[in-house]
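Participant: If it helps, the file is called input-v6.cif and holds mmCIF, C-alpha atoms and all ligand atoms:
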```cif
data_model
#
loop_
_atom_site.label_atom_id
_atom_site.label_comp_id
_atom_site.auth_asym_id
_atom_site.auth_seq_id
_atom_site.Cartn_x
_atom_site.Cartn_y
_atom_site.Cartn_z
CA MET A 1 12.77 85.26 23.53
CA SER A 2 15.54 86.12 21.09
CA GLY A 3 14.14 87.38 17.80
CA GLU A 4 16.11 89.65 15.51
CA ARG A 5 19.25 89.96 17.60
CA PRO A 6 22.02 87.51 16.74
CA LEU A 7 22.94 85.01 19.41
CA ARG A 8 26.53 84.71 20.52
CA ILE A 9 28.47 82.57 22.95
CA ARG A 10 30.62 84.52 25.38
CA ALA A 11 32.37 84.20 28.73
CA VAL A 12 30.28 84.72 31.86
CA THR A 13 30.28 87.89 33.98
CA GLU A 14 29.09 88.39 37.55
CA ALA A 15 26.06 90.31 36.25
CA ASP A 16 24.85 87.12 34.57
CA LEU A 17 24.18 85.38 37.89
CA PRO A 18 20.42 86.16 38.20
CA HIS A 19 19.87 85.08 34.60
CA ILE A 20 21.73 81.83 35.18
CA VAL A 21 19.64 81.20 38.30
CA ARG A 22 16.50 81.62 36.16
CA LEU A 23 17.81 79.40 33.36
CA ASP A 24 18.70 76.71 35.87
CA ALA A 25 15.25 76.83 37.48
CA ASP A 26 13.59 76.54 34.06
CA ALA A 27 15.81 73.64 33.02
CA PHE A 28 15.74 71.72 36.29
CA PRO A 29 12.38 72.53 37.93
CA HIS A 30 12.64 69.59 40.34
CA GLY A 31 16.13 70.36 41.56
CA PRO A 32 17.85 73.55 40.44
CA TYR A 33 21.08 74.63 42.06
CA PRO A 34 20.35 76.99 44.96
CA TYR A 35 21.33 80.62 44.35
CA PHE A 36 24.24 80.43 46.77
CA VAL A 37 25.65 77.35 45.08
CA LEU A 38 25.54 78.98 41.66
CA ARG A 39 27.19 82.10 43.02
CA GLN A 40 30.03 80.05 44.45
CA LEU A 41 30.41 77.89 41.35
CA LEU A 42 30.63 81.02 39.22
CA ALA A 43 33.21 82.50 41.57
CA ALA A 44 35.28 79.32 41.59
CA TYR A 45 35.06 78.50 37.87
CA ALA A 46 34.33 81.82 36.18
CA ASP A 47 36.81 81.04 33.41
CA LEU A 48 34.98 77.78 32.66
CA VAL A 49 31.48 79.12 32.11
CA TYR A 50 30.02 80.10 28.75
CA VAL A 51 26.66 81.72 28.16
CA VAL A 52 24.45 82.26 25.12
CA ASP A 53 23.17 85.82 24.83
CA ASP A 54 21.75 88.29 22.34
CA GLY A 55 22.83 91.45 24.11
CA THR A 56 19.63 91.74 26.13
CA ASP A 57 19.05 88.35 27.74
CA LEU A 58 20.65 84.98 28.38
CA TYR A 59 19.41 81.78 26.73
CA GLY A 60 21.81 79.10 27.89
CA TYR A 61 24.88 78.31 29.89
CA VAL A 62 27.43 75.61 30.55
CA LEU A 63 29.74 75.24 33.53
CA ALA A 64 32.71 72.98 34.24
CA THR A 65 35.36 72.58 36.90
CA SER A 66 39.06 73.20 36.41
CA PRO A 67 41.03 70.05 35.69
CA ASN A 68 42.04 68.17 38.84
CA ASP A 69 44.51 65.39 38.05
CA ALA A 70 43.65 66.22 34.42
CA GLN A 71 39.95 65.48 34.97
CA SER A 72 37.16 68.06 34.76
CA TRP A 73 33.46 67.75 35.49
CA VAL A 74 30.69 69.42 33.53
CA LEU A 75 28.36 70.50 36.32
CA SER A 76 25.60 72.10 34.31
CA LEU A 77 24.29 72.61 30.79
CA ALA A 78 20.99 74.31 30.04
CA ILE A 79 19.27 75.94 27.07
CA THR A 80 16.07 77.91 27.52
CA PRO A 81 13.07 75.76 26.49
CA GLY A 82 12.09 77.84 23.45
CA LEU A 83 15.53 77.59 21.83
CA ARG A 84 16.23 73.90 22.25
CA GLY A 85 16.97 71.69 19.26
CA LYS A 86 18.75 74.47 17.35
CA GLY A 87 22.33 73.39 18.01
CA LEU A 88 23.06 75.74 20.92
CA GLY A 89 23.69 72.98 23.47
CA ARG A 90 26.15 71.33 21.09
CA GLN A 91 27.91 74.65 20.43
CA LEU A 92 28.29 75.37 24.16
CA MET A 93 29.66 71.89 24.85
CA THR A 94 32.05 71.99 21.88
CA LYS A 95 33.45 75.35 22.93
CA LEU A 96 33.81 74.23 26.54
CA LEU A 97 35.54 70.97 25.61
CA GLY A 98 38.02 72.88 23.45
CA LEU A 99 38.80 75.14 26.39
CA LEU A 100 39.19 72.22 28.79
CA ARG A 101 41.67 70.65 26.37
CA THR A 102 43.79 73.81 26.39
CA LYS A 103 43.70 73.80 30.21
CA GLY A 104 45.14 70.31 30.35
CA ALA A 105 42.09 68.13 30.88
CA HIS A 106 42.56 64.58 29.63
CA SER A 107 39.09 63.42 30.59
CA VAL A 108 35.72 65.01 31.28
CA ARG A 109 33.03 63.49 33.50
CA LEU A 110 29.36 64.34 33.97
CA SER A 111 26.17 62.92 35.41
CA VAL A 112 22.83 62.84 33.65
CA GLU A 113 19.33 61.76 34.58
CA PRO A 114 18.96 58.29 32.99
CA ARG A 115 15.72 59.20 31.12
CA ASN A 116 17.12 62.44 29.69
CA ASP A 117 17.34 61.05 26.17
CA SER A 118 18.19 64.31 24.42
CA ALA A 119 21.09 65.11 26.75
CA ILE A 120 22.41 61.56 26.60
CA ALA A 121 22.21 61.62 22.78
CA LEU A 122 24.14 64.89 22.74
CA TYR A 123 26.82 63.58 25.09
CA ARG A 124 27.18 60.30 23.15
CA SER A 125 27.54 62.21 19.89
CA LEU A 126 30.38 64.21 21.46
CA GLY A 127 32.16 60.99 22.44
CA PHE A 128 31.05 60.56 26.06
CA VAL A 129 30.77 56.91 27.10
CA PRO A 130 28.47 55.71 29.92
CA ASP A 131 30.12 54.04 32.89
CA PRO A 132 29.80 50.26 32.70
CA GLY A 133 27.07 48.92 34.96
CA GLY A 134 24.49 51.54 34.02
CA PRO A 135 23.02 54.29 36.16
CA ARG A 136 24.15 54.69 39.77
CA ALA A 137 21.18 54.21 42.11
CA ASP A 138 20.44 57.08 44.51
CA TYR A 139 23.50 58.99 43.27
CA PHE A 140 21.94 62.35 44.24
CA GLY A 141 19.89 60.98 47.13
CA PRO A 142 16.94 58.57 47.42
CA GLY A 143 15.33 57.94 44.03
CA GLU A 144 17.76 60.25 42.23
CA ASP A 145 19.64 57.83 40.01
CA ARG A 146 22.22 59.22 37.59
CA LEU A 147 24.14 57.88 34.61
CA LEU A 148 27.81 58.86 34.77
CA MET A 149 29.61 59.43 31.47
CA THR A 150 33.23 60.08 30.54
CA LEU A 151 34.89 61.67 27.54
CA THR A 152 38.56 60.99 26.93
CA LEU A 153 40.14 64.01 25.29
C1 LIG B 1 20.06 68.89 26.85
C2 LIG B 1 20.07 70.29 26.20
C3 LIG B 1 21.12 71.15 26.85
C4 LIG B 1 20.40 70.12 24.71
O1 LIG B 1 20.53 71.42 24.15
P1 LIG B 1 19.94 71.75 22.70
O2 LIG B 1 20.42 73.08 22.30
O3 LIG B 1 18.48 71.52 22.72
O4 LIG B 1 20.65 70.60 21.84
P2 LIG B 1 21.16 70.74 20.34
O5 LIG B 1 20.13 71.39 19.50
O6 LIG B 1 22.52 71.32 20.35
O7 LIG B 1 21.23 69.21 19.90
C5 LIG B 1 22.40 68.49 20.12
C6 LIG B 1 22.09 67.01 20.12
O8 LIG B 1 21.26 66.69 21.23
C7 LIG B 1 20.39 65.62 20.86
N1 LIG B 1 19.04 66.13 20.95
C8 LIG B 1 18.64 67.43 21.09
N2 LIG B 1 17.30 67.49 21.19
C9 LIG B 1 16.85 66.21 21.14
C10 LIG B 1 15.57 65.60 21.22
N3 LIG B 1 14.45 66.34 21.37
N4 LIG B 1 15.49 64.26 21.14
C11 LIG B 1 16.60 63.51 20.99
N5 LIG B 1 17.86 64.03 20.89
C12 LIG B 1 17.97 65.35 20.97
C13 LIG B 1 20.74 65.23 19.45
O9 LIG B 1 21.75 64.25 19.52
C14 LIG B 1 21.32 66.53 18.93
O10 LIG B 1 22.22 66.30 17.89
P3 LIG B 1 21.74 66.56 16.35
O11 LIG B 1 21.30 67.96 16.29
O12 LIG B 1 22.96 66.27 15.56
O13 LIG B 1 20.61 65.62 16.14
C15 LIG B 1 18.66 70.95 26.33
O14 LIG B 1 17.68 70.08 25.86
C16 LIG B 1 18.31 71.37 27.76
O15 LIG B 1 18.64 72.46 28.21
N6 LIG B 1 17.61 70.46 28.48
C17 LIG B 1 17.22 70.74 29.89
C18 LIG B 1 18.40 70.75 30.80
C19 LIG B 1 19.18 69.46 30.70
O16 LIG B 1 18.63 68.38 30.66
N7 LIG B 1 20.52 69.60 30.69
C20 LIG B 1 21.44 68.48 30.67
C21 LIG B 1 21.60 68.00 32.06
S1 LIG B 1 22.80 66.68 32.18
#
```
What does this structure look like when you write it as structure tokens?
Facilitator:
Amino acid sequence: MSGERPLRIRAVTEADLPHIVRLDADAFPHGPYPYFVLRQLLAAYADLVYVVDDGTDLYGYVLATSPNDAQSWVLSLAITPGLRGKGLGRQLMTKLLGLLRTKGAHSVRLSVEPRNDSAIALYRSLGFVPDPGGPRADYFGPGEDRLLMTLTL
């Protein structure tokens, strides 16, 4: 866990992949992205991934898609359990949204587990609005409902 070393947000590198795999497994124990999916997402969207590091380890990451018809998707956001509630998730999202704006995104979409109150509170505070009609049943398969949210930039 990061102690004395200052944390910084930086662009991702290929060497970060195993650390991102670990962060993802910690953050989503019931359904992390498989290794091969993360590798391909990082290859496809390397310029749209930010990580939190202290020079020795990684403590968080965020990943979005390039704008398609001016719409991007945030596909993952995770902070290591011991460093949550310290503003890192907000910093990652704020930096990412600024980048998406410069790349021509006019809207940003994401899905979130409907009982994930802390993530939903973060997204609402950034201006994301839930789709009308509430969570989509079985969005990620049987029993895996998700709330879809949109931010207009
Ligand atoms: C969701 C997550 C990324 C938030 O990151 P974080 O660094 O802990 O969040 P921050 O400290 O930046 O807090 C940002 C906002 O989130 C909300 N929030 C954070 N922790 C919260 C908690 N325990 N309860 C309620 N709201 C909370 C608040 O709105 C907070 O704003 P505030 O500081 O002005 O009150 C983090 O909890 C996480 O990694 N969770 C597991 C993975 C996950 O659920 N990712 C999102 C998937 S869609």
Participant: In Å, rounded to a single decimal, give me how far atom C17 of ligand LIG 1 (chain B) is from atom CA of Glu144 of chain A.
Facilitator: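 For atom CA of Glu144 of chain A relative to atom C17 of ligand LIG 1 (chain B), the distance reads 16.2 Å.
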Participant: Applying 12 Å and all atoms listed in the file, which residues near Phe36 of chain A remain after dropping the ones on its own chain fewer than 4 positions away? List them as a ChimeraX atom specification.
Facilitator: /A:17-18,20-21,32,40-43
Participant: Would you write out those residues with C-alpha atoms, as a PDB file, in the coordinates of the input?
Facilitator:
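So the final result, stored in out_26.pdb, reads:
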```
ATOM      1  CA  LEU A  17      24.180  85.380  37.890  1.00  0.00           C
ATOM      2  CA  PRO A  18      20.420  86.160  38.200  1.00  0.00           C
ATOM      3  CA  ILE A  20      21.730  81.830  35.180  1.00  0.00           C
ATOM      4  CA  VAL A  21      19.640  81.200  38.300  1.00  0.00           C
ATOM      5  CA  PRO A  32      17.850  73.550  40.440  1.00  0.00           C
ATOM      6  CA  GLN A  40      30.030  80.050  44.450  1.00  0.00           C
ATOM      7  CA  LEU A  41      30.410  77.890  41.350  1.00  0.00           C
ATOM      8  CA  LEU A  42      30.630  81.020  39.220  1.00  0.00           C
ATOM      9  CA  ALA A  43      33.210  82.500  41.570  1.00  0.00           C
TER      10      ALA A  43
END
```
Participant: Write out as a list in words the residues lying within 7 Å of segment 73-88 of chain A, counting only C-alpha atoms and excluding same-chain residues fewer than 3 positions away.
Facilitator: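 Listing them by chain and then by number gives Leu23, Asp24, Ala27, Tyr59, Gly60, Tyr61, Val62, Leu63, Ala64, Thr65, Gln91, Leu92, Val108, Arg109 and Leu110 of chain A.
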Participant: Report the distance between atom O15 of ligand LIG 1 (chain B) and atom CA of Ile120 of chain A in Å, rounded to one decimal place.
Facilitator: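 Atom O15 of ligand LIG 1 (chain B) sits 11.6 Å away from atom CA of Ile120 of chain A.
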Participant: Taking all atoms listed in the file into account, which of A:Leu126, A:Leu58, A:Ile9, A:Ala119 comes nearest ligand LIG 1 (chain B)?
Facilitator: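 Residue with the minimum atom-to-atom distance to ligand LIG 1 (chain B): A:Ala119.
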Participant: One decimal, Å: what's the distance from atom CA of Glu14 of chain A over to atom C8 of ligand LIG 1 (chain B), could you say?
Facilitator: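 Atom CA of Glu14 of chain A sits 28.6 Å away from atom C8 of ligand LIG 1 (chain B).
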Participant: Can you pull out the residues contacting segment 129-140 of chain A? Cut-off 12 Å, using only C-alpha atoms, and skip same-chain residues under 3 positions away; I want them as a VMD selection string.
Facilitator: chain A and resid 31 107 to 116 120 to 126 143 to 153
Participant: Can you spit out the residues from that selection as an mmCIF file, in the frame of the given file, using C-alpha atoms?
Facilitator:
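Result written to again36.cif:
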```cif
data_model
loop_
_atom_site.group_PDB
_atom_site.id
_atom_site.type_symbol
_atom_site.label_atom_id
_atom_site.label_comp_id
_atom_site.auth_asym_id
_atom_site.auth_seq_id
_atom_site.Cartn_x
_atom_site.Cartn_y
_atom_site.Cartn_z
ATOM 1 C CA GLY A 31 16.130 70.360 41.560
ATOM 2 C CA SER A 107 39.090 63.420 30.590
ATOM 3 C CA VAL A 108 35.720 65.010 31.280
ATOM 4 C CA ARG A 109 33.030 63.490 33.500
ATOM 5 C CA LEU A 110 29.360 64.340 33.970
ATOM 6 C CA SER A 111 26.170 62.920 35.410
ATOM 7 C CA VAL A 112 22.830 62.840 33.650
ATOM 8 C CA GLU A 113 19.330 61.760 34.580
ATOM 9 C CA PRO A 114 18.960 58.290 32.990
ATOM 10 C CA ARG A 115 15.720 59.200 31.120
ATOM 11 C CA ASN A 116 17.120 62.440 29.690
ATOM 12 C CA ILE A 120 22.410 61.560 26.600
ATOM 13 C CA ALA A 121 22.210 61.620 22.780
ATOM 14 C CA LEU A 122 24.140 64.890 22.740
ATOM 15 C CA TYR A 123 26.820 63.580 25.090
ATOM 16 C CA ARG A 124 27.180 60.300 23.150
ATOM 17 C CA SER A 125 27.540 62.210 19.890
ATOM 18 C CA LEU A 126 30.380 64.210 21.460
ATOM 19 C CA GLY A 143 15.330 57.940 44.030
ATOM 20 C CA GLU A 144 17.760 60.250 42.230
ATOM 21 C CA ASP A 145 19.640 57.830 40.010
ATOM 22 C CA ARG A 146 22.220 59.220 37.590
ATOM 23 C CA LEU A 147 24.140 57.880 34.610
ATOM 24 C CA LEU A 148 27.810 58.860 34.770
ATOM 25 C CA MET A 149 29.610 59.430 31.470
ATOM 26 C CA THR A 150 33.230 60.080 30.540
ATOM 27 C CA LEU A 151 34.890 61.670 27.540
ATOM 28 C CA THR A 152 38.560 60.990 26.930
ATOM 29 C CA LEU A 153 40.140 64.010 25.290
#
```
Participant: Report, as AutoDock Vina command-line options, the centre and edge lengths in Å (one decimal) of the axis-aligned box enclosing every listed atom of ligand LIG 1 (chain B), padded by 3 Å on each side.
Facilitator:
```
--center_x 18.7 --center_y 68.3 --center_z 23.9 --size_x 14.5 --size_y 15.6 --size_z 22.6
```
Participant: May I ask which of the residues A:Thr94, A:Ser72, A:Thr13, A:Thr56 is the closest one to ligand LIG 1 (chain B), counting all atoms listed in the file?
Facilitator: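 Of A:Thr94, A:Ser72, A:Thr13, A:Thr56, the one nearest ligand LIG 1 (chain B), counting all atoms listed in the file, is A:Thr94.
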Participant: Please supply segment 39-50 of chain A, rebuilt with all heavy atoms, as a CSV table (one decimal), in the frame of the given file.
Facilitator:
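Output contents, as saved in result-v5.csv:
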```csv
chain,number,residue,atom,x,y,z
A,39,ARG,N,26.3,81.0,42.8
A,39,ARG,CA,27.2,82.1,43.0
A,39,ARG,C,28.6,81.6,43.3
A,39,ARG,O,29.6,82.1,42.7
A,39,ARG,CB,26.8,83.0,44.2
A,39,ARG,CG,27.8,84.1,44.4
A,39,ARG,CD,27.4,85.1,45.4
A,39,ARG,NE,26.5,86.1,44.9
A,39,ARG,CZ,26.8,87.1,44.1
A,39,ARG,NH1,28.1,87.2,43.6
A,39,ARG,NH2,26.0,88.0,43.8
A,40,GLN,N,28.7,80.6,44.1
A,40,GLN,CA,30.0,80.0,44.4
A,40,GLN,C,30.7,79.3,43.3
A,40,GLN,O,31.9,79.4,43.1
A,40,GLN,CB,29.9,79.2,45.7
A,40,GLN,CG,29.6,80.0,46.9
A,40,GLN,CD,29.7,79.3,48.2
A,40,GLN,OE1,30.6,79.6,49.0
A,40,GLN,NE2,28.7,78.4,48.5
A,41,LEU,N,29.9,78.6,42.5
A,41,LEU,CA,30.4,77.9,41.4
A,41,LEU,C,30.9,78.9,40.3
A,41,LEU,O,32.0,78.7,39.7
A,41,LEU,CB,29.4,77.0,40.7
A,41,LEU,CG,29.0,75.7,41.5
A,41,LEU,CD1,27.8,75.0,40.8
A,41,LEU,CD2,30.2,74.8,41.5
A,42,LEU,N,30.2,80.0,40.2
A,42,LEU,CA,30.6,81.0,39.2
A,42,LEU,C,31.9,81.7,39.7
A,42,LEU,O,32.8,82.0,38.9
A,42,LEU,CB,29.5,82.1,39.0
A,42,LEU,CG,28.7,81.9,37.7
A,42,LEU,CD1,28.1,80.6,37.6
A,42,LEU,CD2,27.7,83.0,37.6
A,43,ALA,N,32.0,81.9,41.0
A,43,ALA,CA,33.2,82.5,41.6
A,43,ALA,C,34.4,81.6,41.4
A,43,ALA,O,35.5,82.0,41.0
A,43,ALA,CB,33.0,82.8,43.0
A,44,ALA,N,34.2,80.3,41.6
A,44,ALA,CA,35.3,79.3,41.6
A,44,ALA,C,35.7,79.0,40.2
A,44,ALA,O,36.9,78.7,39.9
A,44,ALA,CB,34.9,78.0,42.3
A,45,TYR,N,34.8,79.0,39.2
A,45,TYR,CA,35.1,78.5,37.9
A,45,TYR,C,34.6,79.5,36.8
A,45,TYR,O,34.2,79.1,35.7
A,45,TYR,CB,34.3,77.1,37.6
A,45,TYR,CG,34.7,76.1,38.7
A,45,TYR,CD1,33.8,75.6,39.5
A,45,TYR,CD2,36.0,75.7,38.8
A,45,TYR,CE1,34.1,74.7,40.5
A,45,TYR,CE2,36.4,74.7,39.8
A,45,TYR,CZ,35.4,74.2,40.6
A,45,TYR,OH,35.8,73.3,41.6
A,46,ALA,N,34.8,80.8,37.1
A,46,ALA,CA,34.3,81.8,36.2
A,46,ALA,C,34.9,81.7,34.8
A,46,ALA,O,34.3,82.0,33.8
A,46,ALA,CB,34.7,83.2,36.7
A,47,ASP,N,36.2,81.2,34.7
A,47,ASP,CA,36.8,81.0,33.4
A,47,ASP,C,36.4,79.8,32.7
A,47,ASP,O,36.8,79.5,31.6
A,47,ASP,CB,38.3,81.1,33.6
A,47,ASP,CG,38.9,80.0,34.5
A,47,ASP,OD1,38.1,79.5,35.3
A,47,ASP,OD2,40.0,79.6,34.4
A,48,LEU,N,35.5,79.0,33.3
A,48,LEU,CA,35.0,77.8,32.7
A,48,LEU,C,33.5,77.8,32.5
A,48,LEU,O,32.8,76.7,32.6
A,48,LEU,CB,35.4,76.6,33.5
A,48,LEU,CG,36.9,76.3,33.4
A,48,LEU,CD1,37.4,75.4,34.4
A,48,LEU,CD2,37.2,75.7,32.0
A,49,VAL,N,32.9,79.0,32.3
A,49,VAL,CA,31.5,79.1,32.1
A,49,VAL,C,31.3,79.9,30.8
A,49,VAL,O,31.9,81.0,30.6
A,49,VAL,CB,30.8,79.9,33.3
A,49,VAL,CG1,29.3,80.0,33.1
A,49,VAL,CG2,31.1,79.2,34.6
A,50,TYR,N,30.4,79.4,29.9
A,50,TYR,CA,30.0,80.1,28.8
A,50,TYR,C,28.5,80.3,28.8
A,50,TYR,O,27.8,79.5,29.3
A,50,TYR,CB,30.4,79.3,27.5
A,50,TYR,CG,31.8,79.3,27.1
A,50,TYR,CD1,32.5,78.1,27.0
A,50,TYR,CD2,32.5,80.5,26.8
A,50,TYR,CE1,33.9,78.1,26.7
A,50,TYR,CE2,33.9,80.5,26.5
A,50,TYR,CZ,34.5,79.3,26.4
A,50,TYR,OH,35.9,79.3,26.1
```
